Structures are given as C-alpha cells and as structure tokens.
Amino acid sequence: MNVPCNPHLHSSCPFVIPAFLICLTAEDSLSSTMEVEVVHSYFCPNCGEPNQITVDLSAGTKQQYVEDCAVCCRPNLLKIHVQPGSGDLSVEVEFEG
C-alpha cells in the first residue's frame, strides 16, 4: 500500500521521489509478494557431501560464484540459472581447483 510521505514526519523513509513523495510500507516489499531468496541443495563434486546455499533471486537470472564446501572446504564453482517468471532454478556445480 502506498501512503503519502512527508519527509519531515518520516525521516526514516528510504524512498523520496520529489515528483510524488511516496513512501513504501512493509506491505510493498517484494518478500510479501514473492520469495526473494530460496534455499537450494547441491552435492560437492569433490567429497560428495550435500551442501545448502541461499540463492538471491533478485541478483539476476544468471549468477556465478565460488563457495567452499561446508564439509571438505574445497572451492566449488556454482552456476545458477533462474527461470524468469516462475523463479525455478538450476544449479551447475564444478570443482574449482
């Protein structure tokens, strides 16, 4: 729900748009309408143990980063593909070594 924002009364308002002066309330946040982060499991290609990652869907449809295995501490290259619209994701994992 958008509410009028008076910058003098709402000094904590993170959004000040001079033309509109509108504040976003907690009800407007993305997390209230869709999940922004999802937990996904994968198996370490080095030791075979399961790992969990939290994927930030707002970071784009193609993401790539290195994360160490929680068990063997070896680096894993994670390639994450998020399906636009549905939010379905696939994770490719390679040993980065």
# chains A, B, ... in the order shown; residues from 1 in each chain; ligands from 1

call {"tool": "residues_around", "arguments": {"residues": "Ala59 (chain A)", "least_positions_apart": "2", "cutoff": "10 Å", "atoms": "only C-alpha atoms", "output": "ChimeraX atom specification"}}
result
/A:36-37,55-57,61-63,82

call {"tool": "atom_distance", "arguments": {"atom1": "CA of Leu78 (chain A)", "atom2": "CA of Glu35 (chain A)"}}
result
20.6 Å

call {"tool": "residues_around", "arguments": {"residues": "Asn46 (chain A)", "least_positions_apart": "2", "cutoff": "7 Å", "atoms": "only C-alpha atoms", "output": "ChimeraX atom specification"}}
result
/A:44,48,95

call {"tool": "residues_around", "arguments": {"residues": "Ser41 (chain A)", "least_positions_apart": "5", "cutoff": "8 Å", "atoms": "only C-alpha atoms", "output": "list in words"}}
result
Pro50, Asn51, Gln52 and Ile53 of chain A

call {"tool": "atom_distance", "arguments": {"atom1": "CA of Glu96 (chain A)", "atom2": "CA of Glu67 (chain A)"}}
result
9.2 Å

call {"tool": "closest_residue", "arguments": {"among": "A:Val91, A:Ile80, A:Val39, A:Cys73", "to": "Gly60 (chain A)", "atoms": "only C-alpha atoms"}}
result
A:Ile80

call {"tool": "atom_distance", "arguments": {"atom1": "CA of Asn76 (chain A)", "atom2": "CA of Pro45 (chain A)"}}
result
7.7 Å

call {"tool": "closest_residue", "arguments": {"among": "A:Val71, A:Leu89, A:Ser58, A:Val66", "to": "Phe43 (chain A)", "atoms": "only C-alpha atoms"}}
result
A:Val71

call {"tool": "closest_residue", "arguments": {"among": "A:Thr54, A:Gln64, A:Val38, A:Ala70", "to": "Glu92 (chain A)", "atoms": "only C-alpha atoms"}}
result
A:Gln64
